[in-house]
Structure formats: C-alpha cells, structure tokens
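Shown next: model35.txt, containing compact mmCIF, C-alpha atoms and all ligand atoms.
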# COMPACT_ATOMS: atom_id res chain seq x y z
CA MET A 1 61.10 119.65 61.17
CA PRO A 2 64.75 119.61 60.21
CA GLU A 3 65.68 122.88 58.52
CA LEU A 4 69.11 124.11 57.45
CA PRO A 5 70.74 124.25 60.93
CA GLU A 6 69.50 120.77 61.82
CA ALA A 7 70.54 119.32 58.43
CA GLU A 8 73.95 121.00 58.81
CA THR A 9 74.36 119.50 62.29
CA ILE A 10 73.34 116.08 60.99
CA ALA A 11 75.76 116.36 58.04
CA ARG A 12 78.66 117.36 60.29
CA GLY A 13 77.87 114.65 62.82
CA LEU A 14 77.60 112.02 60.10
CA ASP A 15 80.81 113.15 58.48
CA ALA A 16 82.64 112.58 61.75
CA LEU A 17 80.93 109.22 62.18
CA ILE A 18 81.15 107.56 58.76
CA ARG A 19 83.73 109.32 56.58
CA GLY A 20 86.24 106.72 55.39
CA ARG A 21 84.01 103.80 56.38
CA ARG A 22 82.68 101.30 53.90
CA LEU A 23 78.96 100.83 53.48
CA LEU A 24 78.52 97.09 53.57
CA GLY A 25 74.79 96.74 53.17
CA ALA A 26 71.37 98.02 53.98
CA ARG A 27 68.24 96.45 55.32
CA SER A 28 64.81 97.97 54.91
CA LEU A 29 62.33 97.22 57.67
CA THR A 30 59.35 98.98 56.09
CA LYS A 31 58.15 99.85 52.60
CA GLY A 32 58.08 103.17 50.80
CA ILE A 33 60.77 105.24 52.43
CA CYS A 34 63.90 103.54 51.15
CA GLU A 35 63.12 102.85 47.56
CA ARG A 36 65.03 100.63 45.11
CA LEU A 37 66.70 98.75 47.90
CA SER A 38 67.00 95.59 45.82
CA LYS A 39 69.29 97.38 43.37
CA TYR A 40 71.45 98.63 46.16
CA PRO A 41 75.15 98.21 45.40
CA VAL A 42 77.13 97.49 48.53
CA ASP A 43 80.73 98.03 49.46
CA ALA A 44 81.39 101.69 48.72
CA ARG A 45 83.56 103.94 50.87
CA VAL A 46 82.19 107.24 52.23
CA SER A 47 84.24 110.18 50.99
CA GLY A 48 82.32 112.79 52.96
CA VAL A 49 78.90 114.13 53.94
CA SER A 50 77.52 117.49 52.78
CA ARG A 51 74.28 119.47 52.79
CA ARG A 52 72.18 121.31 50.19
CA GLY A 53 69.36 123.37 51.72
CA LYS A 54 67.62 120.97 54.09
CA LYS A 55 68.94 117.85 52.36
CA VAL A 56 71.85 115.72 53.48
CA LEU A 57 74.15 114.09 50.91
CA VAL A 58 76.43 111.17 51.68
CA HIS A 59 79.16 110.95 49.02
CA PHE A 60 81.04 107.80 48.08
CA ASP A 61 84.49 107.30 46.56
CA GLU A 62 83.05 105.74 43.43
CA GLY A 63 81.40 109.07 42.49
CA THR A 64 77.94 108.29 43.82
CA ALA A 65 75.79 109.87 46.51
CA LEU A 66 72.90 109.02 48.78
CA LEU A 67 70.43 111.90 48.98
CA VAL A 68 68.54 112.11 52.26
CA SER A 69 65.34 114.15 52.47
CA LEU A 70 64.51 114.20 56.16
CA GLY A 71 60.89 115.24 55.70
CA MET A 72 59.21 116.33 58.93
CA SER A 73 60.86 113.97 61.38
CA GLY A 74 63.66 111.98 59.71
CA GLN A 75 66.69 111.10 61.81
CA LEU A 76 69.97 109.42 60.93
CA ARG A 77 71.41 108.06 64.12
CA ARG A 78 73.98 105.64 65.31
CA ARG A 79 72.38 102.40 66.44
CA PRO A 80 72.12 102.44 70.22
CA ASN A 81 72.71 99.41 72.41
CA GLY A 82 69.56 97.45 73.05
CA PRO A 83 66.38 97.33 70.98
CA LEU A 84 65.89 99.38 67.82
CA PRO A 85 64.14 102.73 68.40
CA LYS A 86 60.48 102.88 67.36
CA HIS A 87 59.92 103.97 63.74
CA THR A 88 63.26 102.62 62.49
CA HIS A 89 62.77 102.14 58.76
CA MET A 90 66.22 101.20 57.64
CA ILE A 91 69.53 99.90 58.91
CA LEU A 92 72.61 101.01 56.97
CA ARG A 93 75.48 98.73 57.89
CA PHE A 94 78.87 100.45 57.83
CA GLU A 95 82.25 99.06 58.80
CA GLY A 96 82.24 99.19 62.59
CA LEU A 97 78.79 100.71 63.13
CA ASP A 98 75.17 100.64 62.09
CA LEU A 99 73.34 103.79 61.12
CA LEU A 100 69.56 103.89 61.49
CA TYR A 101 67.04 105.86 59.52
CA VAL A 102 64.25 106.68 61.98
CA ASP A 103 61.18 108.65 60.90
CA PRO A 104 57.95 108.72 62.96
CA ARG A 105 55.95 110.70 60.39
CA ARG A 106 57.33 108.79 57.40
CA LEU A 107 57.65 111.80 55.12
CA GLY A 108 61.40 111.51 54.53
CA ARG A 109 63.04 109.59 51.71
CA LEU A 110 66.45 108.14 50.87
CA THR A 111 67.22 109.01 47.24
CA PRO A 112 63.60 109.18 46.02
CA SER A 113 62.90 107.39 42.75
CA ARG A 114 62.22 110.72 41.04
CA VAL A 115 65.89 111.56 41.57
CA ALA A 116 67.42 108.30 40.41
CA THR A 117 66.56 104.68 39.88
CA THR A 118 69.16 103.37 42.31
CA MET A 119 69.66 104.40 45.91
CA LEU A 120 73.23 105.43 45.30
CA ALA A 121 73.03 107.70 42.28
CA PRO A 122 75.84 109.30 40.30
CA ASP A 123 76.94 112.52 42.01
CA ARG A 124 76.21 114.63 38.95
CA GLU A 125 72.68 113.23 38.66
CA VAL A 126 71.97 114.17 42.27
CA ALA A 127 73.61 117.58 41.80
CA ARG A 128 71.54 118.25 38.67
CA TRP A 129 68.35 117.31 40.50
CA CYS A 130 69.26 119.65 43.38
CA ASP A 131 70.22 122.48 40.98
CA GLY A 132 66.81 122.24 39.34
CA ARG A 133 64.85 122.43 42.60
CA LEU A 134 66.88 124.35 45.12
CA GLY A 135 67.78 128.03 45.08
CA PRO A 136 71.02 129.34 46.55
CA ASP A 137 71.80 128.12 50.04
CA ALA A 138 70.38 130.41 52.74
CA LEU A 139 73.59 130.30 54.76
CA ASP A 140 75.73 131.84 52.03
CA VAL A 141 73.34 133.54 49.62
CA SER A 142 74.83 136.89 48.57
CA TRP A 143 72.91 140.16 48.86
CA ALA A 144 72.86 140.49 45.06
CA GLU A 145 71.33 137.03 44.64
CA PHE A 146 68.89 137.54 47.49
CA ARG A 147 67.70 140.84 46.04
CA ALA A 148 67.47 139.46 42.50
CA ARG A 149 65.31 136.56 43.67
CA LEU A 150 63.01 138.48 45.99
CA ALA A 151 62.86 142.23 45.34
CA LEU A 152 60.06 142.14 42.75
CA ARG A 153 58.00 139.35 44.32
CA ARG A 154 54.34 140.11 44.94
CA GLY A 155 53.69 137.18 47.27
CA ALA A 156 53.83 137.35 51.06
CA PHE A 157 57.32 137.11 52.51
CA LYS A 158 56.93 134.05 54.68
CA PRO A 159 55.75 131.63 51.95
CA LEU A 160 58.54 132.96 49.72
CA LEU A 161 61.11 132.16 52.38
CA LEU A 162 59.62 128.66 52.68
CA ASN A 163 59.89 128.12 48.91
CA GLN A 164 63.07 126.09 48.46
CA ARG A 165 63.38 127.14 44.82
CA VAL A 166 63.77 130.76 45.89
CA ILE A 167 66.22 130.24 48.78
CA ALA A 168 67.10 126.78 50.09
CA GLY A 169 67.21 125.83 53.74
CA VAL A 170 64.64 127.97 55.56
CA GLY A 171 61.55 126.28 56.99
CA ASN A 172 58.71 127.25 59.28
CA ILE A 173 60.72 127.88 62.46
CA TYR A 174 63.55 129.94 61.04
CA ALA A 175 61.34 131.93 58.65
CA ASP A 176 59.52 133.32 61.70
CA GLU A 177 62.79 133.99 63.52
CA VAL A 178 64.31 135.74 60.50
CA LEU A 179 61.31 138.01 59.88
CA HIS A 180 61.11 138.94 63.55
CA ARG A 181 64.80 139.80 63.66
CA ALA A 182 64.38 141.92 60.53
CA GLY A 183 61.20 143.61 61.84
CA VAL A 184 59.18 142.56 58.79
CA HIS A 185 55.60 141.24 58.99
CA PRO A 186 55.23 137.70 57.60
CA LYS A 187 52.53 138.89 55.19
CA ALA A 188 54.52 141.88 53.89
CA ARG A 189 55.29 141.62 50.18
CA PRO A 190 58.94 142.05 49.16
CA VAL A 191 57.89 144.28 46.26
CA ASP A 192 56.47 146.80 48.75
CA LEU A 193 59.54 146.86 50.98
CA SER A 194 62.37 149.36 50.83
CA ALA A 195 65.78 148.08 49.76
CA GLU A 196 66.89 148.69 53.32
CA ALA A 197 64.15 146.47 54.79
CA LEU A 198 64.93 143.74 52.26
CA ARG A 199 68.57 144.00 53.23
CA ARG A 200 67.62 143.55 56.88
CA VAL A 201 65.88 140.29 55.98
CA HIS A 202 68.98 139.14 54.09
CA ARG A 203 71.23 139.91 57.05
CA ALA A 204 68.77 138.35 59.50
CA THR A 205 68.57 135.16 57.41
CA LYS A 206 72.28 134.59 57.66
CA ALA A 207 72.60 135.74 61.27
CA VAL A 208 69.76 133.55 62.57
CA LEU A 209 70.92 130.47 60.67
CA LYS A 210 74.55 130.92 61.71
CA LYS A 211 73.57 131.22 65.33
CA ALA A 212 71.32 128.15 65.08
CA VAL A 213 74.07 126.09 63.40
CA LYS A 214 76.36 127.02 66.26
CA ALA A 215 73.73 125.78 68.73
CA CYS A 216 73.36 122.52 66.72
CA GLY A 217 69.80 123.42 65.73
CA THR A 218 66.47 123.44 67.51
CA SER A 219 65.05 120.26 68.98
CA PHE A 220 61.38 120.44 68.23
CA ARG A 221 59.56 117.14 68.51
CA ASP A 222 61.72 114.52 66.79
CA TYR A 223 65.03 116.09 65.89
CA VAL A 224 68.24 114.63 67.33
CA THR A 225 71.84 114.67 66.09
CA PRO A 226 73.47 111.45 64.80
CA THR A 227 74.79 110.74 68.29
CA GLY A 228 71.34 111.21 69.82
CA ALA A 229 71.96 114.69 71.29
CA SER A 230 69.41 117.54 71.20
CA GLY A 231 69.90 120.95 69.60
CA ASP A 232 70.30 123.97 71.88
CA PHE A 233 68.68 126.73 69.87
CA GLY A 234 65.23 126.22 71.42
CA ASN A 235 65.96 128.61 74.27
CA SER A 236 67.08 131.29 71.81
CA LEU A 237 63.85 131.29 69.79
CA ALA A 238 62.47 134.82 69.69
CA VAL A 239 58.95 134.08 68.44
CA TYR A 240 58.45 130.52 67.23
CA GLY A 241 56.25 128.52 69.60
CA ARG A 242 55.94 131.51 71.97
CA GLU A 243 52.31 132.60 71.47
CA GLY A 244 51.22 134.87 74.33
CA GLU A 245 54.76 135.20 75.72
CA CYS A 246 56.67 138.50 75.80
CA CYS A 247 58.65 139.68 72.80
CA ARG A 248 62.27 139.81 73.95
CA LYS A 249 62.77 143.10 72.10
CA CYS A 250 59.71 145.10 73.11
CA GLY A 251 57.67 143.13 75.65
CA SER A 252 54.49 142.84 73.52
CA ALA A 253 52.65 139.53 73.46
CA ILE A 254 53.71 137.27 70.58
CA LYS A 255 50.84 136.43 68.23
CA ARG A 256 50.12 133.30 66.28
CA LEU A 257 48.51 133.16 62.86
CA ARG A 258 47.08 129.93 61.48
CA TRP A 259 48.66 130.67 58.13
CA PRO A 260 49.97 129.72 55.57
CA PRO A 261 47.54 126.76 55.21
CA GLY A 262 48.52 123.87 57.44
CA ARG A 263 51.14 125.88 59.33
CA SER A 264 51.45 128.37 62.13
CA THR A 265 53.24 131.69 62.00
CA TYR A 266 54.47 133.52 65.09
CA TYR A 267 55.29 137.23 65.10
CA CYS A 268 55.41 140.32 67.28
CA PRO A 269 52.66 142.80 66.34
CA SER A 270 54.70 145.82 67.38
CA CYS A 271 58.15 144.86 66.05
CA GLN A 272 56.54 143.55 62.85
CA PRO A 273 53.63 145.89 62.03
CA GLU A 274 50.95 144.84 59.53
CA PRO A 275 51.95 145.95 56.01
CA ASN A 276 48.94 148.26 55.58
CA ALA A 277 49.52 149.84 59.01
CA ARG A 278 52.83 151.31 57.94
ZN ZN B 301 58.42 143.05 69.74

With the file now loaded, output its structure as structure tokens.
Amino acid sequence: MPELPEAETIARGLDALIRGRRLLGARSLTKGICERLSKYPVDARVSGVSRRGKKVLVHFDEGTALLVSLGMSGQLRRRPNGPLPKHTHMILRFEGLDLLYVDPRRLGRLTPSRVATTMLAPDREVARWCDGRLGPDALDVSWAEFRARLALRRGAFKPLLLNQRVIAGVGNIYADEVLHRAGVHPKARPVDLSAEALRRVHRATKAVLKKAVKACGTSFRDYVTPTGASGDFGNSLAVYGREGECCRKCGSAIKRLRWPPGRSTYYCPSCQPEPNAR
C-alpha cells in the first residue's frame, strides 16, 4: 500500500503535472469513494501539492485543499490514451489534462465526509483534521520528538510504528525495513530498549524512508506514479516479502510472522533477536 515514500512520489509527480492548472470539473463513475461530489465547486487553480504522512493534499489558490487518502491501492494518474483503466472511480478534469483516481481495493477516499462536507475544504479545516490524527512526519521527526513519543511505550514496536498518531508515514513495508536496519525485533517494546537502540530506530526510520523516496517508492501490487511509472525500491528491500531468502547482512533465512492481525511481518532472527533472548 502507499506509504510515505510512495505518497511523496505521488505528491511530487502531481505537483509537476497540475500546479498552476485550473480544475474545471469532476465526474464520479462509482459511489462511495468520492463523496459530496454534487457540492463540488469547479474552477479553482492548483497552487501546489503536498504530503502529510501517507496522505496527499492538493492545494488551491482560493485557500482550499483536496485531501487524498490512498488506502491500500489508490492511484492518481494522468489519463492514458485509449480506454479508462479498470477500477477508475473518478475523473478530475484539469486544464489540458484529465487526472484519474484509480483504486482496485476501494479503500481510499477523496476528502472523506468526516473531514469536511465539501470535497474541497478550507485549508485550515484539513490541517486541523490532520493535526488531530497524525503525529510528526516520519521523514523529519526529530530525535527529541521520537524519543518523547516512544521511549515509555509498553506496546510492541511494529504496531507503534504503524500507528499514524505516533509517527505519520510508516506502513507495513517500511516498518519491517526500519526495524531490520536498526536490529530491533518487531515485538520488542520501546520501554525495554536502551536509548541507544531507540536512537538506532530513529536513524533507521529516516534513512530507510529517504532512500525509498529517492527510488520513487516500492511498487508492490498496485502502486504507480502519476505518470504510470513503477517505484524502484523493491530491489533494495532487506526483509519485506523475502521469507526464506538470505538476510543481506548475515545470511540467515528471513522469517515471516502472521502478526499483527491481518498483516505479515518479516524479520531476520539473528540480526533482530527475540526480546526475551537478549
Ligand atoms: Zn540478518
């Protein structure tokens, strides 16, 4: 699913594509994903595209924004020549080009109704909603903030990293990569770790995400950039999706846990020893 590096790539790609263009209209092809379409005000100029955690925000000159939650498989892509791609839910018509919202698993939303009653909501309303639900951004969270939010936590590390209120932007793929790089077991509890180990996780979080942004993200299943390109980070993955393959650091076989519920976790049993085995 799109995590911080993929959302960042999408935001940058969209910025290049639609900044300065007017949004002329939108057409919803299905129900549920693009709420409040009927109240949609048209003819607003894009002032820029940004990102908060895994969310993409399209800002307009009039002081409004469109908040895009990409869910598990949401894509914003330039309309290709020929027929519409399967699972296209919405066509956003800009001056000179159409942008499509494509989402096979239908878990994404464009400005959900719990954020605002119109699809383009006042910037400050969107910002307030994000402030209330998203912790500091994982790409630039400071050590002091990271420590303050995690050091005393008694939960397992991986679910904490997935919790967007704690740190925003990390999902299932990069949480595994970060913990492997830091040499910390996914079930270790921050409260039990030394300050030094916690610091390694902080450094690893930023290093892994920076590297993945540079590679334009990881193309797993449905992710593509706004121009339809794939991300390149897949070949750099150290553990995610590599069950039974060799750890690139130590050669041990990568293990997979069916945990937390509904997800998989990949780790190296020797680089990331079980907490009680320490
Ligand atoms: Zn290893």

Item to check | 8 Å shell around ligand ZN 301 (chain B) using only C-alpha atoms and all ligand atoms, listed as a ChimeraX atom specification | outcome: /A:180,246-254,268-272

Please produce a file of the residues just selected, as a PDB file, keeping the file's coordinate frame, where the atoms kept are C-alpha atoms.
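Final output, selection-v4.pdb:
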ATOM      1  CA  HIS A 180      61.110 138.940  63.550  1.00  0.00           C
ATOM      2  CA  CYS A 246      56.670 138.500  75.800  1.00  0.00           C
ATOM      3  CA  CYS A 247      58.650 139.680  72.800  1.00  0.00           C
ATOM      4  CA  ARG A 248      62.270 139.810  73.950  1.00  0.00           C
ATOM      5  CA  LYS A 249      62.770 143.100  72.100  1.00  0.00           C
ATOM      6  CA  CYS A 250      59.710 145.100  73.110  1.00  0.00           C
ATOM      7  CA  GLY A 251      57.670 143.130  75.650  1.00  0.00           C
ATOM      8  CA  SER A 252      54.490 142.840  73.520  1.00  0.00           C
ATOM      9  CA  ALA A 253      52.650 139.530  73.460  1.00  0.00           C
ATOM     10  CA  ILE A 254      53.710 137.270  70.580  1.00  0.00           C
ATOM     11  CA  CYS A 268      55.410 140.320  67.280  1.00  0.00           C
ATOM     12  CA  PRO A 269      52.660 142.800  66.340  1.00  0.00           C
ATOM     13  CA  SER A 270      54.700 145.820  67.380  1.00  0.00           C
ATOM     14  CA  CYS A 271      58.150 144.860  66.050  1.00  0.00           C
ATOM     15  CA  GLN A 272      56.540 143.550  62.850  1.00  0.00           C
TER      16      GLN A 272
END

Next on the checklist: Report as number ranges by chain all protein, DNA and RNA residues lying within 7 Å of region 187-189 of chain A, evaluated on all atoms listed in the file, omitting residues in the same chain fewer than 6 positions from it.
Outcome noted: A: 153-158, 275

How about saving the chosen residues, C-alpha atoms kept, as a PDB file, keeping the file's coordinate frame?
ATOM      1  CA  ARG A 153      58.000 139.350  44.320  1.00  0.00           C
ATOM      2  CA  ARG A 154      54.340 140.110  44.940  1.00  0.00           C
ATOM      3  CA  GLY A 155      53.690 137.180  47.270  1.00  0.00           C
ATOM      4  CA  ALA A 156      53.830 137.350  51.060  1.00  0.00           C
ATOM      5  CA  PHE A 157      57.320 137.110  52.510  1.00  0.00           C
ATOM      6  CA  LYS A 158      56.930 134.050  54.680  1.00  0.00           C
ATOM      7  CA  PRO A 275      51.950 145.950  56.010  1.00  0.00           C
TER       8      PRO A 275
END

Checklist entry - Which is closer to His185 (chain A) than all the others in A:Asp232, A:Glu274, A:Asp43, A:Asp123, using all atoms listed in the file? => result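 Nearest candidate to His185 (chain A) out of A:Asp232, A:Glu274, A:Asp43, A:Asp123: A:Glu274.
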
Item to check | Given all atoms listed in the file as the counted atoms, nearest of A:Pro122, A:Gly169, A:Gly74, A:Pro5 to His89 (chain A) | outcome: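 The answer is A:Gly74, which sits nearest to His89 (chain A).
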
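Comparing A:Thr111, A:Ser264, A:Thr225, A:Ser142 by their smallest distance to Gly32 (chain A), the closest is A:Thr111 (using all atoms listed in the file).
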
Item to check | Residues within 12 Å of region 8-16 of chain A, only C-alpha atoms, excluding chain neighbours under 6 positions, as a PyMOL selection string | outcome: chain A and resi 2+46-60+67-70+74-78+94+97-100+137-139+169+209-210+212-219+223-233

Next on the checklist: As an exercise, work out the distance from CA of Gly71 (chain A) to CA of Thr30 (chain A) in Å and give it to one decimal place.
Outcome noted: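 CA of Gly71 (chain A) sits 16.3 Å away from CA of Thr30 (chain A).
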
Next on the checklist: Nearest residue to Glu196 (chain A) out of A:Ala151, A:Leu23, A:Val239, A:Leu92, using only C-alpha atoms?
Outcome noted: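 Answer, going by the shortest atom-to-atom distance: A:Ala151.
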
Atoms are missing here; could region 137-162 of chain A be completed with N, CA, C and O atoms and written as a PDB file, in the frame of the given file?
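So the final result, stored in out08.pdb, reads:
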ATOM      1  N   ASP A 137      71.872 128.520  48.652  1.00  0.00           N
ATOM      2  CA  ASP A 137      71.800 128.120  50.040  1.00  0.00           C
ATOM      3  C   ASP A 137      71.636 129.348  50.948  1.00  0.00           C
ATOM      4  O   ASP A 137      72.354 130.338  50.811  1.00  0.00           O
ATOM      5  N   ALA A 138      70.702 129.254  51.886  1.00  0.00           N
ATOM      6  CA  ALA A 138      70.380 130.410  52.740  1.00  0.00           C
ATOM      7  C   ALA A 138      71.546 130.849  53.616  1.00  0.00           C
ATOM      8  O   ALA A 138      71.609 132.000  54.029  1.00  0.00           O
ATOM      9  N   LEU A 139      72.477 129.951  53.880  1.00  0.00           N
ATOM     10  CA  LEU A 139      73.590 130.300  54.760  1.00  0.00           C
ATOM     11  C   LEU A 139      74.620 131.175  54.033  1.00  0.00           C
ATOM     12  O   LEU A 139      75.308 131.968  54.654  1.00  0.00           O
ATOM     13  N   ASP A 140      74.723 131.020  52.713  1.00  0.00           N
ATOM     14  CA  ASP A 140      75.730 131.840  52.030  1.00  0.00           C
ATOM     15  C   ASP A 140      75.205 132.569  50.804  1.00  0.00           C
ATOM     16  O   ASP A 140      75.984 132.973  49.937  1.00  0.00           O
ATOM     17  N   VAL A 141      73.897 132.774  50.741  1.00  0.00           N
ATOM     18  CA  VAL A 141      73.340 133.540  49.620  1.00  0.00           C
ATOM     19  C   VAL A 141      73.847 134.994  49.701  1.00  0.00           C
ATOM     20  O   VAL A 141      73.829 135.607  50.769  1.00  0.00           O
ATOM     21  N   SER A 142      74.312 135.512  48.565  1.00  0.00           N
ATOM     22  CA  SER A 142      74.830 136.890  48.570  1.00  0.00           C
ATOM     23  C   SER A 142      73.663 137.880  48.540  1.00  0.00           C
ATOM     24  O   SER A 142      72.538 137.522  48.176  1.00  0.00           O
ATOM     25  N   TRP A 143      73.935 139.113  48.899  1.00  0.00           N
ATOM     26  CA  TRP A 143      72.910 140.160  48.860  1.00  0.00           C
ATOM     27  C   TRP A 143      72.390 140.332  47.436  1.00  0.00           C
ATOM     28  O   TRP A 143      71.186 140.451  47.208  1.00  0.00           O
ATOM     29  N   ALA A 144      73.282 140.307  46.463  1.00  0.00           N
ATOM     30  CA  ALA A 144      72.860 140.490  45.060  1.00  0.00           C
ATOM     31  C   ALA A 144      71.898 139.382  44.635  1.00  0.00           C
ATOM     32  O   ALA A 144      70.862 139.650  44.015  1.00  0.00           O
ATOM     33  N   GLU A 145      72.205 138.151  45.002  1.00  0.00           N
ATOM     34  CA  GLU A 145      71.330 137.030  44.640  1.00  0.00           C
ATOM     35  C   GLU A 145      70.001 137.119  45.373  1.00  0.00           C
ATOM     36  O   GLU A 145      68.932 136.875  44.806  1.00  0.00           O
ATOM     37  N   PHE A 146      70.090 137.446  46.651  1.00  0.00           N
ATOM     38  CA  PHE A 146      68.890 137.540  47.490  1.00  0.00           C
ATOM     39  C   PHE A 146      67.944 138.593  46.902  1.00  0.00           C
ATOM     40  O   PHE A 146      66.749 138.354  46.714  1.00  0.00           O
ATOM     41  N   ARG A 147      68.506 139.750  46.584  1.00  0.00           N
ATOM     42  CA  ARG A 147      67.700 140.840  46.040  1.00  0.00           C
ATOM     43  C   ARG A 147      67.113 140.450  44.693  1.00  0.00           C
ATOM     44  O   ARG A 147      65.937 140.668  44.427  1.00  0.00           O
ATOM     45  N   ALA A 148      67.937 139.841  43.841  1.00  0.00           N
ATOM     46  CA  ALA A 148      67.470 139.460  42.500  1.00  0.00           C
ATOM     47  C   ALA A 148      66.309 138.473  42.587  1.00  0.00           C
ATOM     48  O   ALA A 148      65.378 138.512  41.790  1.00  0.00           O
ATOM     49  N   ARG A 149      66.348 137.576  43.584  1.00  0.00           N
ATOM     50  CA  ARG A 149      65.310 136.560  43.670  1.00  0.00           C
ATOM     51  C   ARG A 149      64.048 137.041  44.368  1.00  0.00           C
ATOM     52  O   ARG A 149      62.985 136.459  44.196  1.00  0.00           O
ATOM     53  N   LEU A 150      64.165 138.086  45.183  1.00  0.00           N
ATOM     54  CA  LEU A 150      63.010 138.480  45.990  1.00  0.00           C
ATOM     55  C   LEU A 150      62.442 139.866  45.721  1.00  0.00           C
ATOM     56  O   LEU A 150      61.236 140.077  45.844  1.00  0.00           O
ATOM     57  N   ALA A 151      63.270 140.813  45.341  1.00  0.00           N
ATOM     58  CA  ALA A 151      62.860 142.230  45.340  1.00  0.00           C
ATOM     59  C   ALA A 151      61.532 142.496  44.627  1.00  0.00           C
ATOM     60  O   ALA A 151      60.751 143.314  45.088  1.00  0.00           O
ATOM     61  N   LEU A 152      61.266 141.814  43.518  1.00  0.00           N
ATOM     62  CA  LEU A 152      60.060 142.140  42.750  1.00  0.00           C
ATOM     63  C   LEU A 152      58.882 141.219  43.045  1.00  0.00           C
ATOM     64  O   LEU A 152      57.836 141.320  42.412  1.00  0.00           O
ATOM     65  N   ARG A 153      59.047 140.334  44.033  1.00  0.00           N
ATOM     66  CA  ARG A 153      58.000 139.350  44.320  1.00  0.00           C
ATOM     67  C   ARG A 153      56.763 140.009  44.941  1.00  0.00           C
ATOM     68  O   ARG A 153      56.878 140.822  45.848  1.00  0.00           O
ATOM     69  N   ARG A 154      55.596 139.556  44.459  1.00  0.00           N
ATOM     70  CA  ARG A 154      54.340 140.110  44.940  1.00  0.00           C
ATOM     71  C   ARG A 154      53.656 139.206  45.966  1.00  0.00           C
ATOM     72  O   ARG A 154      52.583 139.526  46.461  1.00  0.00           O
ATOM     73  N   GLY A 155      54.265 138.074  46.255  1.00  0.00           N
ATOM     74  CA  GLY A 155      53.690 137.180  47.270  1.00  0.00           C
ATOM     75  C   GLY A 155      54.102 137.626  48.661  1.00  0.00           C
ATOM     76  O   GLY A 155      54.963 138.495  48.821  1.00  0.00           O
ATOM     77  N   ALA A 156      53.458 137.042  49.683  1.00  0.00           N
ATOM     78  CA  ALA A 156      53.830 137.350  51.060  1.00  0.00           C
ATOM     79  C   ALA A 156      55.214 136.777  51.373  1.00  0.00           C
ATOM     80  O   ALA A 156      55.614 135.765  50.805  1.00  0.00           O
ATOM     81  N   PHE A 157      55.920 137.454  52.278  1.00  0.00           N
ATOM     82  CA  PHE A 157      57.320 137.110  52.510  1.00  0.00           C
ATOM     83  C   PHE A 157      57.500 135.696  53.069  1.00  0.00           C
ATOM     84  O   PHE A 157      58.369 134.944  52.635  1.00  0.00           O
ATOM     85  N   LYS A 158      56.661 135.346  54.051  1.00  0.00           N
ATOM     86  CA  LYS A 158      56.930 134.050  54.680  1.00  0.00           C
ATOM     87  C   LYS A 158      56.860 132.877  53.697  1.00  0.00           C
ATOM     88  O   LYS A 158      57.797 132.086  53.630  1.00  0.00           O
ATOM     89  N   PRO A 159      55.763 132.749  52.906  1.00  0.00           N
ATOM     90  CA  PRO A 159      55.750 131.630  51.950  1.00  0.00           C
ATOM     91  C   PRO A 159      56.915 131.676  50.962  1.00  0.00           C
ATOM     92  O   PRO A 159      57.399 130.628  50.545  1.00  0.00           O
ATOM     93  N   LEU A 160      57.381 132.872  50.624  1.00  0.00           N
ATOM     94  CA  LEU A 160      58.540 132.960  49.720  1.00  0.00           C
ATOM     95  C   LEU A 160      59.788 132.393  50.384  1.00  0.00           C
ATOM     96  O   LEU A 160      60.585 131.713  49.746  1.00  0.00           O
ATOM     97  N   LEU A 161      59.939 132.694  51.670  1.00  0.00           N
ATOM     98  CA  LEU A 161      61.110 132.160  52.380  1.00  0.00           C
ATOM     99  C   LEU A 161      61.029 130.631  52.505  1.00  0.00           C
ATOM    100  O   LEU A 161      62.045 129.949  52.562  1.00  0.00           O
ATOM    101  N   LEU A 162      59.787 130.117  52.559  1.00  0.00           N
ATOM    102  CA  LEU A 162      59.620 128.660  52.680  1.00  0.00           C
ATOM    103  C   LEU A 162      59.824 127.954  51.341  1.00  0.00           C
ATOM    104  O   LEU A 162      60.010 126.746  51.304  1.00  0.00           O
TER     105      LEU A 162
END
